[in-house]
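Some notes on the structure that comes next.
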Amino acid sequence: MTSAVAGPKYLSVREHLRRRVSALPEHTLLPPEPVLCAEYGVSRITLRRAVDGLVADGHLVREQGRGTFVTRPAIRHEYRESFVHRIAGFNSVMTEQGAQVGTSVLTQRVVPVQPPVAAELGLEPADDVVELVRLRSVDGTPNHVAHSFLPAATYPGAAEEDFTHGSLYDYLRREYSADLAHARIVVDVGTAAPEEADLLGVVAGSPLLVVRTTVHDSDGRPQVHSFSRLRPDVSQVEFEVSVGGR
C-alpha cells in the first residue's frame with residue numbers, strides 16, 4: 001500500500017481507500033474483503049472499520065448479497081479538518097468531495113499586526129502581516145468567511161497572489177516549501193454581524209461556528225493563523241485524533 005499516513009491503521013486504510021474510490025466510476029464493485037485485507041495487510045476487523053467510515057461518509061454503499069459499491073456522497077457542505085492525516089485547506093477537501101468551490105477575495109493587504117494575531121504568530125508589535133479575507137461558497141451557497149494572517153516577512157508573495165482559485169496551504173507549500181506540520185484548533189460560537197450576515201445569506205445575529213486555527217512547522221514555529229466563521233446549517237467541523245496512553 002502506498003501513501004500511508006500517520007495514526008491508527010484503520011485511518012490509514014480509510015484515507016487510502018477514500019482516494020482510491022474517488023477515482024473510480026460510480027457503482028464500481030469493490031474487491032472482496034479477503035482481497036483488500038491481503039492488499040492492505042490488515043485484519044478483517046480493521047478493514048471493516050475503514051470501510052464503515054466511508055459508508056458513513058457516503059463514498060461507499062453496501063448491498064446485501066451483492067457487495068460494496070462506489071457511490072457519490074450527497075454534498076453536505078461540510079467543512080472538514082482532519083489533522084491526523086494532513087493539513088489540507090477547505091478548497092482541497094471540498095474539491096475531493098466533488099463540490100464546486102467558489103472564492104471571493106474580500107481583503108488582501110499588508111497591515112500592522114494586531115495584538116491577538118501577534119500572540120498567535122509570535123510576532124512583535126511592529127511586524128506586518130498579510131491579511132487575507134475570503135468568502136467561500138459550495139455549489140453556489142455561501143459557506144463561510146475565512147480570515148487568514150501570515151507573517152509578511154516570511155510570505156510576502158501572499159499579498160499579491162490570486163486566491164480566487166486554489167488553496168492557500170498548497171500555495172505556501174509550492175512557493176515557499178512551507179513546513180505545515182501540525183495545528184492548534186479552537187471551535188466556539190459567534191453571531192453574524194450585519195455585513196457578515198449579508199455575505200452569508202443569513203439574518204443578522206444568527207449563530208455562526210467559529211473555527212480558529214494556528215498552523216505550526218515541525219519545530220513548533222507558527223506559520224499561519226486563521227479564523228473561519230461558518231454557517232452551521234451548511235457546515236460541519238470534523239476532527240480525527242489519535243488516542244494514546246490507553
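Each chain in the C-alpha cells gets a letter, A, B and so on, in the order shown; residues start at 1 in every chain, and ligands are counted from 1 in the order they appear.
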**Request:** Name the residues of stretch 164-208 of chain A that fall into alpha helix (DSSP H) according to DSSP on the backbone, using the chain letters and numbers of this document, as a ChimeraX atom specification.
**Result:** /A:168-176,194-200
**Expected answer as a PyMOL selection string: strand (DSSP E or B) residues in stretch 90-245 of chain A** = chain A and resi 101-112+128-138+141-151+182-191+207-216+222-230+238
When you look at stretch 15-28 of chain A with a cut-off of 7 Å (counting only C-alpha atoms), what residues show up, excluding the ones that are within fewer than 4 positions of it in the same chain? I need them as a CSV table (one decimal) with N, CA and C atoms, in the first residue's frame.
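Contents of result09.csv, freshly written:
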```csv
chain,number,residue,atom,x,y,z
A,3,SER,N,1.2,5.7,0.0
A,3,SER,CA,0.6,6.9,0.6
A,3,SER,C,0.1,6.7,2.0
A,11,LEU,N,-7.3,4.2,10.0
A,11,LEU,CA,-7.4,5.6,9.5
A,11,LEU,C,-6.6,5.7,8.2
A,54,LEU,N,-16.2,5.1,5.4
A,54,LEU,CA,-16.5,5.5,4.0
A,54,LEU,C,-18.0,5.4,3.7
A,69,PHE,N,-20.2,-1.1,-3.1
A,69,PHE,CA,-20.1,-0.3,-4.3
A,69,PHE,C,-19.7,1.1,-4.1
A,70,VAL,N,-19.0,1.7,-5.1
A,70,VAL,CA,-18.7,3.1,-5.1
A,70,VAL,C,-19.9,3.9,-5.3
A,71,THR,N,-20.1,4.9,-4.5
A,71,THR,CA,-21.2,5.9,-4.7
A,71,THR,C,-20.7,7.3,-4.6
A,72,ARG,N,-21.5,8.3,-4.8
A,72,ARG,CA,-21.1,9.6,-4.6
A,72,ARG,C,-21.9,10.3,-3.5
```
**Asked** For the atom pair atom CA of A:Pro207 and atom CA of A:Thr191, what is the interatomic distance in Å to one decimal place?
**Response**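 These atoms are spaced 4.4 Å apart.
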**Asked** Between atom CA of A:Ser43 and atom CA of A:Leu60, what is the distance, to one decimal in Å?
**Response**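 Here the two named atoms are 19.5 Å from each other.
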**Message:** List the spatial neighbours of A:Leu132 as a PyMOL selection string - criterion: any atom at most 12 Å away, only C-alpha atoms, same-chain residues fewer than 3 positions off excluded.
**Reply:** chain A and resi 103-111+129+135+145-152+158-164+168+224-228
For the residues in the current selection, export C-alpha atoms as a short mmCIF file (atom, residue, chain, number, x, y, z; two decimals), in the first residue's frame.
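Written out: out-v7.cif:
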```
data_model
loop_
_atom_site.label_atom_id
_atom_site.label_comp_id
_atom_site.auth_asym_id
_atom_site.auth_seq_id
_atom_site.Cartn_x
_atom_site.Cartn_y
_atom_site.Cartn_z
CA THR A 103 -14.00 32.03 -3.57
CA SER A 104 -14.36 35.80 -3.48
CA VAL A 105 -11.39 37.70 -2.08
CA LEU A 106 -12.77 40.48 0.12
CA THR A 107 -9.50 41.79 1.59
CA GLN A 108 -5.87 41.18 0.64
CA ARG A 109 -3.31 43.57 2.06
CA VAL A 110 -0.26 44.07 4.26
CA VAL A 111 -1.16 45.61 7.63
CA VAL A 129 1.16 40.53 8.35
CA LEU A 135 -15.91 34.41 1.19
CA VAL A 145 -15.89 33.82 5.67
CA ALA A 146 -12.22 32.93 6.21
CA HIS A 147 -9.74 35.38 7.74
CA SER A 148 -6.08 34.36 7.35
CA PHE A 149 -2.92 36.06 8.63
CA LEU A 150 0.66 35.29 7.60
CA PRO A 151 3.96 36.94 8.57
CA ALA A 152 4.65 39.37 5.71
CA ALA A 158 0.81 36.11 -0.46
CA ALA A 159 -0.12 39.79 -0.66
CA GLU A 160 -0.21 39.61 -4.48
CA GLU A 161 -1.21 36.04 -5.30
CA ASP A 162 -4.61 35.40 -6.88
CA PHE A 163 -6.52 33.34 -4.31
CA THR A 164 -9.83 33.19 -6.15
CA LEU A 168 -3.63 28.88 0.49
CA VAL A 224 -0.44 30.81 9.63
CA HIS A 225 -3.26 31.95 11.90
CA SER A 226 -6.83 31.95 10.64
CA PHE A 227 -10.38 32.03 11.84
CA SER A 228 -13.38 30.98 9.80
#
```
Find the residues near A:Pro112: any atom within 9 Å, counting only C-alpha atoms, skip ones fewer than 5 places away on the same chain, and give them as a PDB file with C-alpha atoms, in the first residue's frame.
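The resulting file, out_8.pdb, is shown below:
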```pdb
ATOM      1  CA  PRO A 125       4.011  44.759  17.645  1.00  0.00           C
ATOM      2  CA  ALA A 126       5.956  46.482  14.839  1.00  0.00           C
ATOM      3  CA  ASP A 127       5.721  43.490  12.485  1.00  0.00           C
ATOM      4  CA  ASP A 128       3.461  43.324   9.429  1.00  0.00           C
ATOM      5  CA  VAL A 129       1.163  40.529   8.352  1.00  0.00           C
ATOM      6  CA  VAL A 130      -0.574  39.639   5.127  1.00  0.00           C
TER       7      VAL A 130
END
```
**atom CA of A:Asp188 to atom CA of A:Arg212, straight-line distance in Å** =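 Atom-to-atom, atom CA of A:Arg212 and atom CA of A:Asp188 are spaced 8.4 Å apart.
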**Asked** What lies within 10 Å of A:Gly205 using only C-alpha atoms, ignoring chain neighbours under 6 positions off, as an MDAnalysis selection string?
**Response** chainID A and resid 190:194 196:197
Output file for the residues above (N, CA, C and O atoms, as an mmCIF file, in the first residue's frame):
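Listing of selection.cif after writing:
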```cif
data_model
loop_
_atom_site.group_PDB
_atom_site.id
_atom_site.type_symbol
_atom_site.label_atom_id
_atom_site.label_comp_id
_atom_site.auth_asym_id
_atom_site.auth_seq_id
_atom_site.Cartn_x
_atom_site.Cartn_y
_atom_site.Cartn_z
ATOM 1 N N GLY A 190 -20.192 32.148 17.540
ATOM 2 C CA GLY A 190 -20.347 33.592 17.458
ATOM 3 C C GLY A 190 -21.683 33.937 16.841
ATOM 4 O O GLY A 190 -22.523 33.058 16.595
ATOM 5 N N THR A 191 -21.900 35.213 16.585
ATOM 6 C CA THR A 191 -23.120 35.664 15.918
ATOM 7 C C THR A 191 -22.746 36.531 14.733
ATOM 8 O O THR A 191 -21.709 37.205 14.736
ATOM 9 N N ALA A 192 -23.596 36.518 13.726
ATOM 10 C CA ALA A 192 -23.315 37.213 12.479
ATOM 11 C C ALA A 192 -23.589 38.705 12.604
ATOM 12 O O ALA A 192 -24.703 39.117 12.940
ATOM 13 N N ALA A 193 -22.557 39.506 12.340
ATOM 14 C CA ALA A 193 -22.743 40.952 12.250
ATOM 15 C C ALA A 193 -23.512 41.272 10.975
ATOM 16 O O ALA A 193 -23.556 40.453 10.051
ATOM 17 N N PRO A 194 -24.139 42.450 10.877
ATOM 18 C CA PRO A 194 -24.974 42.759 9.705
ATOM 19 C C PRO A 194 -24.265 42.565 8.369
ATOM 20 O O PRO A 194 -24.817 41.932 7.449
ATOM 21 N N GLU A 196 -21.596 40.803 7.669
ATOM 22 C CA GLU A 196 -21.276 39.387 7.546
ATOM 23 C C GLU A 196 -22.522 38.579 7.206
ATOM 24 O O GLU A 196 -22.481 37.650 6.383
ATOM 25 N N ALA A 197 -23.644 38.927 7.821
ATOM 26 C CA ALA A 197 -24.903 38.235 7.546
ATOM 27 C C ALA A 197 -25.299 38.381 6.080
ATOM 28 O O ALA A 197 -25.775 37.424 5.452
#
```
**Message:** I'd like to know which of A:Val211, A:Gly220, A:Val13, A:Gly65 is closest to A:Arg48, using only C-alpha atoms.
**Reply:** A:Val13
**Prompt:** Of the residues A:Asp139, A:Glu39, A:Asp219, A:Glu195, which is the one nearest to A:Gly102, using only C-alpha atoms?
**Reply:** A:Asp139
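Checking A:Gln100, A:Thr46, A:Gln223, A:Ser167 one by one against A:Leu123, counting only C-alpha atoms, you find the shortest gap at A:Gln223.
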